[in-house]
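One structure is given here, and the rest of the page talks about it.
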Amino acid sequence: MSASRSEVHIRTKSRRQALQVVSASAAMALMPKFLRGETVAPLRVVVVGAGAFGGWTALALQRRGAQVTLVDAWGAGHSRSSSGDETRIIRSVYNGDPVYTDMVLRAASGWKEAEERWGRRVFHKTGAIYMFEGDDAFARSSLPLARARGITVEPLTLEEARHRFPQIRFAEVRTAYWEPDAGYLLARGSCELVREEFVRIGGTWRVASAKPGAVEADRMRSVQLSDGDRLEADAFVFACGPWLGKLFPDAIGDGIVPTRQDIIYFGTAPGDQRYDESRFPVWINFGARLLYGIPGNERRGFKVGDDSAGEVVDPTTLERVVSPNALRIARAILARRFPGLVGAAVAETRVCQYEFSPTGDFLLDRHPGASNAWLAGGGSGHGFKMGPAVGDDMARLVLDGTPTATKFSYGRFEAARAARRKASGKRTHS
Ligand SMILES: Cc1cc2nc3c(=O)[nH]c(=O)nc-3n(C[C@H](O)[C@H](O)[C@H](O)COP(=O)(O)OP(=O)(O)OC[C@H]3O[C@@H](n4cnc5c(N)ncnc54)[C@H](O)[C@@H]3O)c2cc1C
């Protein structure tokens with residue numbers, strides 16, 4: 001256990017005192033009995049949020065014998081959630097980071113097992129091409145790790161790349177890499193499949209907005225639902241995506257920032273299948289901006305997204321109309337990379353939001369002020385693929401007290417949030 005793991009932050013009554021650090025042994029004494037192995041299941045757990053993080057967490061907890069109620073304000077994978085678009089990329093190239101690379105491998109097994117249980121296909125193996133107009137360290141640094149883990153990532157000469165994908169114009173591309181086992185996942189569709197399985201195995205599903213209850217003697221007793229019900233439980237998990245800061249203004253606040261992200265689906269010419277998944281891969285273009293896309297799937301069109309963080313938004317009230325600037329940027333990459341799509345009409349648009357943590361890493365840890373409440377969020381634009389692994393990690397954290405990776409700890413999140421606020425000249429706690 002590293003130093004940061006051995007510390008647990010608790011909230012004091014005084015707002016000025018804010019967060020205090022107590023020793024690991026004191027924290028043990030504060031733990032609910034079930035965390036010390038003194039009670040037996042079924043443990044009653046409420047999970048708030050049925051996106052990728054909360055849905056998979058509820059399912060994992062229920063599969064492990066807990067008695068779980070999953071609550072969402074609008075439903076699983078709804079249009080305003082970060083998980084609510086049609087598709088999300090799954091790839092193993094992760095800037096050489098072993099924690100995320102190993103997590104993708106676990107998640108990929110989880111998706112496969114779930115597909116078998118559901119009898120439905122949600123993973124589409126198209127392969128992914130990474131194109132670099134400048135420094136390619138993101139892929140290059142991943143090669144030794146990929147080799148060690150048995151993941152295929154091939155550097156492509158530009159000649160090979162042109163030969164494989166004549167639909168792509170490689171002007172300005174200096175290097176390219178190919179990951180044949182990457183692809184995309186059905187996003188909102190799989191959130192609903194997770195929810196359905198959760199209900200099938202005995203979980204309780206509620207559509208309502210939930211408000212965290214008061215914390216007494218270091219424990220949360222209940223959450224208050226918008227329909228008037230109050231749900232009592234032994235443990236609570238809040239997986240509220242871009243809403244997490246609103247629910248916990250002190251513990252999270254501006255630590256998780258919802259930013260606007262526009263997505264455009266372009267329609268191909270009648271009968272033109274060159275950009276469909278049968279002939280075209282997931283692509284990521286590292287240039288002045290990081291742009292990415294997913295080939296035509298389920299007749300929705302050729303998807304183009306921009307990874308640059310947009311303006312800060314309120315995920316409840318955001319008007320989800322794509323901006324002229326986003327359309328201009330998407331058309332510019334079509335013109336530079338995909339000449340067969342120049343002039344393609346917009347078939348559909350989506351406006352989603354990232355939920356950025358200060359480090360870009362997930363937050364998967366205990367709430368600093370309640371020993372029986374946990375937080376799962378900070379997907380930061382790359383969390384969807386990890387759903388099954390996040391669910392398993394959260395279930396082990398809640399049921400067994402097994403810590404997640406240090407980089408997902410609240411201590412690290414809070415330190416980075418404080419540093420960011422200091423750098424921008426703001427007070428850490430109000
Ligand atoms: C444009 C875009 C592209 C992305 N691309 C990728 C990609 O290619 N690959 C990848 O892996 N990831 C990608 N991501 C990131 C990924 O989609 C997110 O990290 C992930 O979906 C976050 O899931 P979540 O469960 O944390 O949040 P959400 O999906 O937002 O779920 C949170 C849920 O909590 C509910 N909720 C909130 N507050 C309350 C409350 N008080 N009461 C009840 N319910 C509440 C909400 O209704 C919502 O359903 C992308 C994200 C965006 C926006």
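To be explicit about the labels: the chains of the structure tokens are called A, B, and onward in the order shown, and within each one the residues are counted from 1, while ligands get numbers from 1 in the order they are shown.
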
Neighbours of ligand 1 within 6 Å, counting only C-alpha atoms and all ligand atoms, as a tab-separated table (two decimals) with N, CA and C atoms, in the first residue's frame?
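Final output, saved to selection09.tsv:
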chain	number	residue	atom	x	y	z
A	48	VAL	N	-26.09	5.32	-7.87
A	48	VAL	CA	-26.74	6.45	-8.56
A	48	VAL	C	-25.99	6.70	-9.86
A	49	GLY	N	-26.72	6.60	-10.98
A	49	GLY	CA	-26.12	6.81	-12.31
A	49	GLY	C	-26.02	5.50	-13.06
A	50	ALA	N	-26.69	5.44	-14.23
A	50	ALA	CA	-26.70	4.19	-15.02
A	50	ALA	C	-25.99	4.37	-16.35
A	51	GLY	N	-24.94	5.22	-16.37
A	51	GLY	CA	-24.07	5.30	-17.54
A	51	GLY	C	-23.09	4.13	-17.50
A	52	ALA	N	-21.99	4.26	-18.27
A	52	ALA	CA	-21.03	3.15	-18.35
A	52	ALA	C	-20.47	2.79	-16.97
A	53	PHE	N	-20.15	3.79	-16.15
A	53	PHE	CA	-19.52	3.50	-14.86
A	53	PHE	C	-20.53	2.92	-13.86
A	54	GLY	N	-21.68	3.59	-13.73
A	54	GLY	CA	-22.65	3.14	-12.73
A	54	GLY	C	-23.34	1.85	-13.11
A	71	VAL	N	-30.29	3.74	-9.69
A	71	VAL	CA	-31.19	4.89	-9.89
A	71	VAL	C	-30.59	5.80	-10.95
A	72	ASP	N	-31.42	6.22	-11.90
A	72	ASP	CA	-30.93	7.24	-12.85
A	72	ASP	C	-32.05	8.24	-13.12
A	73	ALA	N	-31.65	9.49	-13.28
A	73	ALA	CA	-32.62	10.56	-13.46
A	73	ALA	C	-33.38	10.46	-14.77
A	74	TRP	N	-32.74	9.90	-15.82
A	74	TRP	CA	-33.40	9.84	-17.14
A	74	TRP	C	-33.35	8.47	-17.79
A	76	ALA	N	-30.90	4.63	-18.68
A	76	ALA	CA	-29.54	4.17	-19.03
A	76	ALA	C	-29.15	4.63	-20.43
A	77	GLY	N	-28.04	5.35	-20.54
A	77	GLY	CA	-27.53	5.79	-21.84
A	77	GLY	C	-28.42	6.82	-22.52
A	81	SER	N	-26.44	11.96	-21.21
A	81	SER	CA	-25.34	11.33	-20.47
A	81	SER	C	-24.10	11.26	-21.37
A	82	SER	N	-22.93	11.11	-20.75
A	82	SER	CA	-21.70	10.99	-21.53
A	82	SER	C	-21.67	9.67	-22.29
A	83	SER	N	-22.44	8.70	-21.82
A	83	SER	CA	-22.46	7.38	-22.46
A	83	SER	C	-23.53	7.29	-23.55
A	88	ARG	N	-18.50	4.17	-29.17
A	88	ARG	CA	-17.29	4.62	-28.50
A	88	ARG	C	-16.14	3.71	-28.92
A	89	ILE	N	-14.94	4.29	-29.03
A	89	ILE	CA	-13.76	3.53	-29.47
A	89	ILE	C	-13.23	2.67	-28.33
A	90	ILE	N	-12.76	1.47	-28.67
A	90	ILE	CA	-11.98	0.67	-27.73
A	90	ILE	C	-10.64	0.36	-28.39
A	208	ALA	N	-35.37	8.20	-11.25
A	208	ALA	CA	-35.60	9.34	-10.34
A	208	ALA	C	-34.28	10.07	-10.17
A	209	SER	N	-34.38	11.30	-9.77
A	209	SER	CA	-33.16	12.04	-9.42
A	209	SER	C	-32.87	11.77	-7.94
A	210	ALA	N	-31.61	11.52	-7.63
A	210	ALA	CA	-31.25	11.17	-6.25
A	210	ALA	C	-30.37	12.26	-5.64
A	211	LYS	N	-30.64	12.56	-4.38
A	211	LYS	CA	-29.84	13.56	-3.66
A	211	LYS	C	-29.16	12.85	-2.50
A	239	ALA	N	-22.09	7.41	-9.35
A	239	ALA	CA	-21.41	7.35	-10.65
A	239	ALA	C	-22.16	8.31	-11.57
A	240	CYS	N	-22.04	9.59	-11.26
A	240	CYS	CA	-22.93	10.59	-11.87
A	240	CYS	C	-22.26	11.37	-13.00
A	241	GLY	N	-21.19	10.85	-13.54
A	241	GLY	CA	-20.56	11.44	-14.73
A	241	GLY	C	-20.35	12.94	-14.58
A	242	PRO	N	-20.83	13.74	-15.56
A	242	PRO	CA	-20.59	15.18	-15.52
A	242	PRO	C	-21.39	15.90	-14.43
A	243	TRP	N	-22.30	15.20	-13.77
A	243	TRP	CA	-23.10	15.80	-12.70
A	243	TRP	C	-22.43	15.65	-11.33
A	261	GLN	N	-18.72	18.68	-26.31
A	261	GLN	CA	-18.02	17.95	-27.38
A	261	GLN	C	-19.03	17.65	-28.50
A	352	CYS	N	-22.26	15.92	-26.91
A	352	CYS	CA	-22.05	15.19	-25.65
A	352	CYS	C	-21.21	16.08	-24.74
A	353	GLN	N	-20.78	15.56	-23.61
A	353	GLN	CA	-19.81	16.29	-22.80
A	353	GLN	C	-18.81	15.32	-22.20
A	354	TYR	N	-17.54	15.77	-22.19
A	354	TYR	CA	-16.54	15.05	-21.41
A	354	TYR	C	-16.77	15.43	-19.96
A	377	GLY	N	-16.08	8.26	-11.35
A	377	GLY	CA	-16.29	9.27	-12.38
A	377	GLY	C	-14.97	9.70	-13.00
A	379	GLY	N	-14.34	10.14	-16.24
A	379	GLY	CA	-14.02	9.36	-17.45
A	379	GLY	C	-13.14	10.12	-18.43
A	380	SER	N	-13.22	11.45	-18.40
A	380	SER	CA	-12.29	12.33	-19.13
A	380	SER	C	-12.11	12.00	-20.61
A	381	GLY	N	-13.19	11.58	-21.23
A	381	GLY	CA	-13.13	11.35	-22.68
A	381	GLY	C	-12.61	9.99	-23.08
A	382	HIS	N	-12.33	9.11	-22.10
A	382	HIS	CA	-11.83	7.79	-22.50
A	382	HIS	C	-12.36	6.65	-21.60
A	383	GLY	N	-13.44	6.91	-20.89
A	383	GLY	CA	-13.87	5.94	-19.88
A	383	GLY	C	-14.79	4.84	-20.37
A	384	PHE	N	-15.49	5.05	-21.49
A	384	PHE	CA	-16.56	4.12	-21.83
A	384	PHE	C	-16.08	2.68	-21.97
A	385	LYS	N	-15.01	2.52	-22.73
A	385	LYS	CA	-14.50	1.17	-23.02
A	385	LYS	C	-14.21	0.38	-21.75

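On the backbone of this structure, DSSP gives helix (DSSP H, G or I) within stretch 245-296 of chain A to Gly245, Lys246, Leu247, Gly253, Asp254 and Gly255 of chain A.
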
Residues from the last selection, N, CA and C atoms, saved as an mmCIF file, in the first residue's frame:
data_model
loop_
_atom_site.group_PDB
_atom_site.id
_atom_site.type_symbol
_atom_site.label_atom_id
_atom_site.label_comp_id
_atom_site.auth_asym_id
_atom_site.auth_seq_id
_atom_site.Cartn_x
_atom_site.Cartn_y
_atom_site.Cartn_z
ATOM 1 N N GLY A 245 -19.862 16.841 -9.774
ATOM 2 C CA GLY A 245 -19.481 18.054 -9.053
ATOM 3 C C GLY A 245 -20.680 18.761 -8.438
ATOM 4 N N LYS A 246 -21.818 18.694 -9.125
ATOM 5 C CA LYS A 246 -23.038 19.321 -8.600
ATOM 6 C C LYS A 246 -23.539 18.588 -7.361
ATOM 7 N N LEU A 247 -23.427 17.262 -7.389
ATOM 8 C CA LEU A 247 -23.907 16.468 -6.253
ATOM 9 C C LEU A 247 -23.045 16.676 -5.022
ATOM 10 N N GLY A 253 -16.864 19.320 -6.635
ATOM 11 C CA GLY A 253 -16.982 20.691 -7.144
ATOM 12 C C GLY A 253 -16.447 20.837 -8.556
ATOM 13 N N ASP A 254 -15.545 21.799 -8.714
ATOM 14 C CA ASP A 254 -15.008 22.040 -10.060
ATOM 15 C C ASP A 254 -13.866 21.074 -10.407
ATOM 16 N N GLY A 255 -13.702 20.029 -9.609
ATOM 17 C CA GLY A 255 -12.677 19.011 -9.924
ATOM 18 C C GLY A 255 -13.057 18.206 -11.151
#

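Every protein, DNA or RNA residue with an atom at most 9 Å from A:Val313, where only C-alpha atoms count and chain neighbours fewer than 5 positions away do not, is listed here: Val257, Pro258, Thr259, Arg260, Leu318 and Gln353 of chain A.
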
Practice task
Just the strand (DSSP E) stuff from stretch 127-274 of chain A, please, per backbone DSSP, written as a PyMOL selection string.
Solution key: chain A and resi 128-132+154-156+175-179+183-186+204-207+210-212+215-216+219-220+222-225+230-232+235-238+257-266

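Between atom CA of A:Val47 and atom CA of A:Ala187 lies a distance of 19.6 Å.
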
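Each of A:Ile264, A:Ala251, A:Ala58, A:Val68 was compared to A:Val194 using only C-alpha atoms, and A:Ala58 turns out to be the nearest.
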
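When only C-alpha atoms are used to compute distances to A:Gly340, the closest of the residues A:Asp272, A:Asp102, A:Asp181, A:Asp218 turns out to be A:Asp272.
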
Problem - Close residues, A:Ala146 itself excluded, 10 Å, only C-alpha atoms, min 5 positions apart in chain, as a VMD selection string - result: chain A and resid 92 to 94 96 98 101 to 102 139 141 151 to 154

Exercise for the section: List the neighbours of A:Ala416 out to 8 Å using only C-alpha atoms; skip same-chain residues closer than 4 positions along the sequence, and give me the result as a list in words. Expected result: Pro358, Thr359, Arg412 and Arg420 of chain A

Given the selection you just returned, output its residues as a file containing N, CA and C atoms, formatted as an mmCIF file, in the first residue's frame.
data_model
loop_
_atom_site.group_PDB
_atom_site.id
_atom_site.type_symbol
_atom_site.label_atom_id
_atom_site.label_comp_id
_atom_site.auth_asym_id
_atom_site.auth_seq_id
_atom_site.Cartn_x
_atom_site.Cartn_y
_atom_site.Cartn_z
ATOM 1 N N PRO A 358 -8.958 16.577 -12.961
ATOM 2 C CA PRO A 358 -7.781 17.454 -13.097
ATOM 3 C C PRO A 358 -6.576 16.756 -13.718
ATOM 4 N N THR A 359 -6.503 15.438 -13.622
ATOM 5 C CA THR A 359 -5.352 14.711 -14.179
ATOM 6 C C THR A 359 -5.705 14.004 -15.483
ATOM 7 N N ARG A 412 -5.133 11.688 -4.856
ATOM 8 C CA ARG A 412 -4.460 12.216 -6.049
ATOM 9 C C ARG A 412 -5.359 13.228 -6.768
ATOM 10 N N ARG A 420 -4.456 22.841 -9.377
ATOM 11 C CA ARG A 420 -5.034 23.562 -10.512
ATOM 12 C C ARG A 420 -5.660 24.881 -10.050
#

Handout entry: Residue contacts of stretch 61-63 of chain A (7 Å, only C-alpha atoms) excluding same-chain residues fewer than 4 positions away, as a PyMOL selection string
Key = chain A and resi 57+67-68+203+395

Would you put the residues from that selection into a file with C-alpha atoms, as a PDB file, in the first residue's frame?
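Contents of result_6.pdb, freshly written:
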ATOM      1  CA  THR A  57     -20.810  -1.166 -11.115  1.00  0.00           C
ATOM      2  CA  GLN A  67     -28.861  -6.342  -3.159  1.00  0.00           C
ATOM      3  CA  VAL A  68     -28.580  -3.357  -5.440  1.00  0.00           C
ATOM      4  CA  GLY A 203     -31.480  -5.770  -9.249  1.00  0.00           C
ATOM      5  CA  ALA A 395     -17.347  -4.005  -6.617  1.00  0.00           C
TER       6      ALA A 395
END

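Shortest atom-to-atom contact with A:Thr204 among A:Ile284, A:Val46, A:Ala415, A:Leu397: A:Val46, counting only C-alpha atoms.
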
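With only C-alpha atoms as the basis for measurement, A:Gly305 is the residue among A:Pro166, A:Gly305, A:Gly391, A:Gly84 that approaches A:Leu327 most closely.
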
Exercise for the section: Kindly give the distance, in Å, that separates atom CA of A:Trp374 and atom CA of A:Phe356, rounded to a single decimal. Expected result: 18.2 Å

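In this comparison, which uses only C-alpha atoms, the residue of A:Glu159, A:Glu311, A:Glu179, A:Glu348 approaching A:Ile263 most closely is A:Glu348.
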
Need to verify the contact set: A:His367, 12 Å, only C-alpha atoms, exclusion of same-chain residues closer than 2 positions in sequence. Can you return it as a PDB file with C-alpha atoms, in the first residue's frame?
ATOM      1  CA  VAL A   8      -8.216   8.673   3.915  1.00  0.00           C
ATOM      2  CA  HIS A   9      -9.635  12.160   3.856  1.00  0.00           C
ATOM      3  CA  ILE A  10     -12.622  12.980   6.008  1.00  0.00           C
ATOM      4  CA  ARG A  11     -14.724  16.118   6.002  1.00  0.00           C
ATOM      5  CA  LEU A  19     -10.731  18.118   4.436  1.00  0.00           C
ATOM      6  CA  PRO A 212     -27.142  12.322  -1.283  1.00  0.00           C
ATOM      7  CA  VAL A 215     -23.636  12.047   6.719  1.00  0.00           C
ATOM      8  CA  ASP A 218     -19.117   9.237   9.169  1.00  0.00           C
ATOM      9  CA  ARG A 219     -21.893   7.286   7.432  1.00  0.00           C
ATOM     10  CA  MET A 220     -24.461   8.126   4.816  1.00  0.00           C
ATOM     11  CA  ALA A 235     -23.448   1.434   0.958  1.00  0.00           C
ATOM     12  CA  PHE A 236     -23.810   4.054  -1.779  1.00  0.00           C
ATOM     13  CA  VAL A 237     -21.983   4.512  -5.071  1.00  0.00           C
ATOM     14  CA  PHE A 238     -22.295   7.780  -6.968  1.00  0.00           C
ATOM     15  CA  ALA A 239     -21.409   7.353 -10.653  1.00  0.00           C
ATOM     16  CA  LEU A 244     -20.738  14.567  -9.963  1.00  0.00           C
ATOM     17  CA  LEU A 247     -23.907  16.468  -6.253  1.00  0.00           C
ATOM     18  CA  PHE A 248     -20.809  16.988  -4.148  1.00  0.00           C
ATOM     19  CA  ASP A 250     -17.186  20.351  -1.634  1.00  0.00           C
ATOM     20  CA  ALA A 251     -15.614  16.969  -2.311  1.00  0.00           C
ATOM     21  CA  ILE A 252     -15.740  17.232  -6.133  1.00  0.00           C
ATOM     22  CA  LEU A 363     -11.720   8.839  -9.892  1.00  0.00           C
ATOM     23  CA  LEU A 364     -12.648   5.476  -8.354  1.00  0.00           C
ATOM     24  CA  ASP A 365     -12.467   5.773  -4.601  1.00  0.00           C
ATOM     25  CA  GLY A 369     -16.446  12.343   4.088  1.00  0.00           C
ATOM     26  CA  ALA A 370     -18.412   9.091   4.374  1.00  0.00           C
ATOM     27  CA  SER A 371     -16.922   5.671   4.971  1.00  0.00           C
ATOM     28  CA  ASN A 372     -19.800   3.884   3.203  1.00  0.00           C
ATOM     29  CA  ALA A 373     -20.065   6.056   0.073  1.00  0.00           C
ATOM     30  CA  TRP A 374     -17.962   5.759  -3.075  1.00  0.00           C
ATOM     31  CA  LEU A 375     -17.353   7.884  -6.159  1.00  0.00           C
ATOM     32  CA  ALA A 376     -16.868   6.650  -9.720  1.00  0.00           C
ATOM     33  CA  GLY A 377     -16.285   9.271 -12.383  1.00  0.00           C
ATOM     34  CA  LEU A 397     -13.550  -1.707  -3.549  1.00  0.00           C
ATOM     35  CA  VAL A 398     -17.008  -1.660  -1.971  1.00  0.00           C
ATOM     36  CA  SER A 409      -7.439   7.639  -5.718  1.00  0.00           C
ATOM     37  CA  TYR A 410      -9.283  10.570  -4.172  1.00  0.00           C
ATOM     38  CA  GLY A 411      -6.034  11.800  -2.627  1.00  0.00           C
ATOM     39  CA  PHE A 413      -7.615  13.780  -7.477  1.00  0.00           C
ATOM     40  CA  GLU A 414      -7.841  16.296  -4.640  1.00  0.00           C
TER      41      GLU A 414
END

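With only C-alpha atoms as the basis for measurement, A:Arg289 is the residue among A:Arg289, A:Arg328, A:His124, A:Arg206 that approaches A:Ser308 most closely.
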
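Relative to atom CA of A:Trp111, atom CA of A:Trp283 is found at 21.1 Å.
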